[in-house]
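J.: Next comes the structure file entry.pdb, holding PDB, C-alpha atoms, pLDDT in the B column.
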```
ATOM      1  CA  MET A   6     -16.310 -15.499 -21.179  1.00 83.00           C
ATOM      2  CA  ALA A   7     -17.728 -16.567 -17.855  1.00 89.00           C
ATOM      3  CA  ASN A   8     -21.175 -18.137 -17.649  1.00 93.00           C
ATOM      4  CA  ILE A   9     -21.621 -18.286 -13.899  1.00 96.00           C
ATOM      5  CA  LYS A  10     -23.027 -15.188 -12.208  1.00 96.00           C
ATOM      6  CA  SER A  11     -20.347 -15.030  -9.492  1.00 96.00           C
ATOM      7  CA  ALA A  12     -17.591 -15.345 -12.106  1.00 96.00           C
ATOM      8  CA  LYS A  13     -19.105 -12.469 -14.084  1.00 95.00           C
ATOM      9  CA  LYS A  14     -19.154 -10.376 -10.921  1.00 97.00           C
ATOM     10  CA  ARG A  15     -15.507 -11.216 -10.180  1.00 97.00           C
ATOM     11  CA  ILE A  16     -14.576 -10.044 -13.680  1.00 96.00           C
ATOM     12  CA  SER A  17     -16.232  -6.666 -13.124  1.00 96.00           C
ATOM     13  CA  VAL A  18     -14.694  -6.326  -9.647  1.00 97.00           C
ATOM     14  CA  ILE A  19     -11.231  -7.112 -11.031  1.00 97.00           C
ATOM     15  CA  GLU A  20     -11.663  -4.534 -13.808  1.00 97.00           C
ATOM     16  CA  HIS A  21     -12.613  -1.900 -11.231  1.00 97.00           C
ATOM     17  CA  LYS A  22      -9.673  -2.754  -8.961  1.00 96.00           C
ATOM     18  CA  THR A  23      -7.317  -2.682 -11.949  1.00 97.00           C
ATOM     19  CA  LEU A  24      -8.464   0.827 -12.848  1.00 97.00           C
ATOM     20  CA  VAL A  25      -8.048   2.045  -9.277  1.00 96.00           C
ATOM     21  CA  ASN A  26      -4.584   0.480  -8.946  1.00 97.00           C
ATOM     22  CA  ARG A  27      -3.495   1.924 -12.296  1.00 97.00           C
ATOM     23  CA  LYS A  28      -4.658   5.390 -11.208  1.00 97.00           C
ATOM     24  CA  VAL A  29      -2.738   5.141  -7.918  1.00 97.00           C
ATOM     25  CA  LYS A  30       0.430   3.874  -9.600  1.00 97.00           C
ATOM     26  CA  ASN A  31       0.320   6.627 -12.235  1.00 98.00           C
ATOM     27  CA  SER A  32      -0.062   9.304  -9.565  1.00 97.00           C
ATOM     28  CA  LEU A  33       2.854   7.771  -7.638  1.00 97.00           C
ATOM     29  CA  LYS A  34       5.032   7.914 -10.743  1.00 97.00           C
ATOM     30  CA  ALA A  35       4.144  11.586 -11.216  1.00 97.00           C
ATOM     31  CA  ILE A  36       4.924  12.399  -7.578  1.00 97.00           C
ATOM     32  CA  LEU A  37       8.299  10.624  -7.756  1.00 97.00           C
ATOM     33  CA  LYS A  38       9.099  12.389 -11.014  1.00 97.00           C
ATOM     34  CA  ASN A  39       8.304  15.784  -9.445  1.00 96.00           C
ATOM     35  CA  PHE A  40      10.568  14.991  -6.496  1.00 97.00           C
ATOM     36  CA  TYR A  41      13.533  14.079  -8.681  1.00 96.00           C
ATOM     37  CA  LYS A  42      12.965  17.158 -10.889  1.00 96.00           C
ATOM     38  CA  ALA A  43      13.057  19.405  -7.804  1.00 95.00           C
ATOM     39  CA  LEU A  44      16.196  17.608  -6.661  1.00 94.00           C
ATOM     40  CA  GLU A  45      17.910  18.144 -10.025  1.00 94.00           C
ATOM     41  CA  ALA A  46      16.991  21.831  -9.935  1.00 94.00           C
ATOM     42  CA  GLU A  47      18.516  21.995  -6.429  1.00 92.00           C
ATOM     43  CA  ASP A  48      15.258  23.364  -5.042  1.00 92.00           C
ATOM     44  CA  PHE A  49      15.583  21.722  -1.631  1.00 94.00           C
ATOM     45  CA  GLU A  50      12.491  23.311  -0.066  1.00 95.00           C
ATOM     46  CA  THR A  51      10.248  21.953  -2.799  1.00 95.00           C
ATOM     47  CA  ALA A  52      12.109  18.639  -2.788  1.00 95.00           C
ATOM     48  CA  LYS A  53      11.524  18.285   0.957  1.00 96.00           C
ATOM     49  CA  GLU A  54       7.782  18.898   0.505  1.00 96.00           C
ATOM     50  CA  LYS A  55       7.659  16.440  -2.406  1.00 96.00           C
ATOM     51  CA  LEU A  56       9.551  13.863  -0.335  1.00 97.00           C
ATOM     52  CA  ALA A  57       7.018  14.109   2.491  1.00 97.00           C
ATOM     53  CA  LEU A  58       4.124  13.820   0.032  1.00 97.00           C
ATOM     54  CA  ALA A  59       5.746  10.884  -1.746  1.00 97.00           C
ATOM     55  CA  GLU A  60       6.361   9.044   1.509  1.00 97.00           C
ATOM     56  CA  LYS A  61       2.743   9.523   2.560  1.00 97.00           C
ATOM     57  CA  LYS A  62       1.337   8.361  -0.777  1.00 97.00           C
ATOM     58  CA  LEU A  63       3.696   5.379  -1.023  1.00 97.00           C
ATOM     59  CA  MET A  64       2.738   4.168   2.438  1.00 97.00           C
ATOM     60  CA  GLN A  65      -0.959   4.626   1.658  1.00 97.00           C
ATOM     61  CA  ALA A  66      -0.561   2.580  -1.517  1.00 97.00           C
ATOM     62  CA  ALA A  67       1.294  -0.099   0.450  1.00 97.00           C
ATOM     63  CA  ALA A  68      -1.407  -0.170   3.110  1.00 97.00           C
ATOM     64  CA  LYS A  69      -4.080  -0.693   0.445  1.00 95.00           C
ATOM     65  CA  GLY A  70      -2.066  -3.451  -1.194  1.00 95.00           C
ATOM     66  CA  THR A  71      -1.496  -1.606  -4.467  1.00 96.00           C
ATOM     67  CA  ILE A  72       2.258  -1.976  -4.067  1.00 96.00           C
ATOM     68  CA  HIS A  73       4.261  -4.151  -1.701  1.00 97.00           C
ATOM     69  CA  LYS A  74       5.180  -2.728   1.694  1.00 97.00           C
ATOM     70  CA  ASN A  75       8.883  -3.427   1.174  1.00 98.00           C
ATOM     71  CA  ALA A  76       8.833  -1.757  -2.249  1.00 97.00           C
ATOM     72  CA  ALA A  77       7.332   1.376  -0.715  1.00 97.00           C
ATOM     73  CA  SER A  78       9.916   1.397   2.062  1.00 97.00           C
ATOM     74  CA  ARG A  79      12.733   0.867  -0.440  1.00 98.00           C
ATOM     75  CA  LYS A  80      11.573   3.791  -2.571  1.00 97.00           C
ATOM     76  CA  VAL A  81      11.274   6.084   0.452  1.00 97.00           C
ATOM     77  CA  SER A  82      14.720   5.049   1.618  1.00 98.00           C
ATOM     78  CA  ARG A  83      16.296   5.722  -1.774  1.00 97.00           C
ATOM     79  CA  MET A  84      14.566   9.085  -2.079  1.00 97.00           C
ATOM     80  CA  THR A  85      15.677  10.152   1.405  1.00 97.00           C
ATOM     81  CA  LYS A  86      19.216   9.038   0.648  1.00 97.00           C
ATOM     82  CA  ALA A  87      19.237  10.991  -2.629  1.00 96.00           C
ATOM     83  CA  TYR A  88      17.826  14.086  -0.894  1.00 96.00           C
ATOM     84  CA  ASN A  89      20.421  13.967   1.886  1.00 96.00           C
ATOM     85  CA  LYS A  90      23.260  13.408  -0.585  1.00 95.00           C
ATOM     86  CA  ALA A  91      22.153  16.306  -2.825  1.00 94.00           C
ATOM     87  CA  LYS A  92      21.715  18.616   0.151  1.00 91.00           C
ATOM     88  CA  ALA A  93      25.183  17.768   1.515  1.00 92.00           C
ATOM     89  CA  GLU A  94      26.873  18.657  -1.776  1.00 83.00           C
TER      90      GLU A  94
END
```
Just give me the structure as structure tokens.
T.:
Amino acid sequence: MANIKSAKKRISVIEHKTLVNRKVKNSLKAILKNFYKALEAEDFETAKEKLALAEKKLMQAAAKGTIHKNAASRKVSRMTKAYNKAKAE
């Protein structure tokens, strides 16, 4: 346990940031899951809406530093590719 006041503050700040990041990551997982469920059900209208929402949320998370920018771009790219492939079939 920290004894110095600034170290104690850093601990509380880190705990808060961890909670916020965990909340964002969990919501991202749910959004991605909803997209892939819509894709499996071949509901392309819903999937398109979910794709747009997912892209927005991933880029917001990347901008805040919750996830890496390249990871967000990679996920968006894979989702778009999956959507286009499913729609073409």
J.: Could you give me, as a ChimeraX atom specification, the residues within 7 Å of stretch 72-88 of chain A, counting only C-alpha atoms and dropping anything in the same chain fewer than 4 positions from it?
T.: /A:44,60,63-64,66-67,92
J.: Could you dump the residues just selected with C-alpha atoms as a PDB file, in the frame of the given file?
T.:
```
ATOM      1  CA  LEU A  44      16.196  17.608  -6.661  1.00 94.00           C
ATOM      2  CA  GLU A  60       6.361   9.044   1.509  1.00 97.00           C
ATOM      3  CA  LEU A  63       3.696   5.379  -1.023  1.00 97.00           C
ATOM      4  CA  MET A  64       2.738   4.168   2.438  1.00 97.00           C
ATOM      5  CA  ALA A  66      -0.561   2.580  -1.517  1.00 97.00           C
ATOM      6  CA  ALA A  67       1.294  -0.099   0.450  1.00 97.00           C
ATOM      7  CA  LYS A  92      21.715  18.616   0.151  1.00 91.00           C
TER       8      LYS A  92
END
```
J.: Could you check which of A:Asn8, A:Val25, A:Ala91, A:Lys62 is closest to A:Tyr41, using all atoms listed in the file?
T.: A:Ala91
J.: By how many Å are atom CA of A:Leu37 and atom CA of A:Ala93 apart?
T.: 20.5 Å
J.: When you look at A:Leu58 with a cut-off of 10 Å (counting all atoms listed in the file), what residues show up, excluding the ones that are within fewer than 6 positions of it in the same chain? I need them as a ChimeraX atom specification.
T.: /A:33,36-37,40,52
J.: Do you have the atom CA of A:Asn89-atom CA of A:Thr71 distance handy?
T.: 27.6 Å
J.: Take atom CA of A:Ala35 and atom CA of A:Lys22 and report the distance between them in Å, one decimal.
T.: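 So the answer is 20.0 Å.
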J.: Measuring between all atoms listed in the file, which one of A:Arg27, A:Lys13, A:Lys90, A:Lys61 shows the shortest distance to A:Glu45?
T.: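 That would be A:Lys90, the residue with the smallest distance to A:Glu45.
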J.: With distances taken over all atoms listed in the file, which residue among A:Ala46, A:Gly70, A:Glu94, A:Lys10 lies nearest A:Val29?
T.: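 Under the stated criterion, the closest residue is A:Gly70.
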J.: Where atoms are missing, can you supply N, CA, C and O atoms for stretch 19-36 of chain A and output the lot as a tab-separated table (two decimals), in the frame of the given file?
T.:
```tsv
chain	number	residue	atom	x	y	z
A	19	ILE	N	-12.65	-7.16	-10.66
A	19	ILE	CA	-11.23	-7.11	-11.03
A	19	ILE	C	-10.95	-5.93	-11.96
A	19	ILE	O	-9.93	-5.24	-11.80
A	20	GLU	N	-11.84	-5.68	-12.91
A	20	GLU	CA	-11.66	-4.53	-13.81
A	20	GLU	C	-11.64	-3.23	-13.02
A	20	GLU	O	-10.82	-2.35	-13.28
A	21	HIS	N	-12.55	-3.11	-12.05
A	21	HIS	CA	-12.61	-1.90	-11.23
A	21	HIS	C	-11.33	-1.74	-10.41
A	21	HIS	O	-10.75	-0.65	-10.34
A	22	LYS	N	-10.89	-2.82	-9.78
A	22	LYS	CA	-9.67	-2.75	-8.96
A	22	LYS	C	-8.46	-2.42	-9.82
A	22	LYS	O	-7.57	-1.68	-9.39
A	23	THR	N	-8.43	-2.97	-11.04
A	23	THR	CA	-7.32	-2.68	-11.95
A	23	THR	C	-7.26	-1.20	-12.28
A	23	THR	O	-6.19	-0.60	-12.29
A	24	LEU	N	-8.41	-0.60	-12.54
A	24	LEU	CA	-8.46	0.83	-12.85
A	24	LEU	C	-7.99	1.67	-11.66
A	24	LEU	O	-7.23	2.63	-11.83
A	25	VAL	N	-8.44	1.31	-10.48
A	25	VAL	CA	-8.05	2.04	-9.28
A	25	VAL	C	-6.55	1.93	-9.04
A	25	VAL	O	-5.85	2.92	-8.79
A	26	ASN	N	-6.02	0.70	-9.15
A	26	ASN	CA	-4.58	0.48	-8.95
A	26	ASN	C	-3.76	1.23	-9.98
A	26	ASN	O	-2.73	1.80	-9.66
A	27	ARG	N	-4.22	1.22	-11.23
A	27	ARG	CA	-3.50	1.92	-12.30
A	27	ARG	C	-3.46	3.42	-12.00
A	27	ARG	O	-2.43	4.08	-12.19
A	28	LYS	N	-4.58	3.97	-11.54
A	28	LYS	CA	-4.66	5.39	-11.21
A	28	LYS	C	-3.68	5.74	-10.08
A	28	LYS	O	-2.95	6.74	-10.16
A	29	VAL	N	-3.64	4.90	-9.05
A	29	VAL	CA	-2.74	5.14	-7.92
A	29	VAL	C	-1.28	5.06	-8.37
A	29	VAL	O	-0.46	5.92	-8.02
A	30	LYS	N	-0.95	4.04	-9.14
A	30	LYS	CA	0.43	3.87	-9.60
A	30	LYS	C	0.87	5.02	-10.50
A	30	LYS	O	2.01	5.50	-10.41
A	31	ASN	N	-0.02	5.50	-11.37
A	31	ASN	CA	0.32	6.63	-12.24
A	31	ASN	C	0.56	7.89	-11.42
A	31	ASN	O	1.48	8.66	-11.71
A	32	SER	N	-0.26	8.12	-10.40
A	32	SER	CA	-0.06	9.30	-9.56
A	32	SER	C	1.24	9.19	-8.77
A	32	SER	O	1.94	10.18	-8.58
A	33	LEU	N	1.58	7.97	-8.33
A	33	LEU	CA	2.85	7.77	-7.64
A	33	LEU	C	4.03	8.09	-8.55
A	33	LEU	O	4.99	8.74	-8.13
A	34	LYS	N	3.96	7.63	-9.79
A	34	LYS	CA	5.03	7.91	-10.74
A	34	LYS	C	5.20	9.41	-10.94
A	34	LYS	O	6.32	9.92	-11.00
A	35	ALA	N	4.09	10.13	-11.03
A	35	ALA	CA	4.14	11.59	-11.22
A	35	ALA	C	4.76	12.27	-9.99
A	35	ALA	O	5.58	13.18	-10.13
A	36	ILE	N	4.39	11.82	-8.81
A	36	ILE	CA	4.92	12.40	-7.58
A	36	ILE	C	6.43	12.17	-7.49
A	36	ILE	O	7.20	13.08	-7.15
```
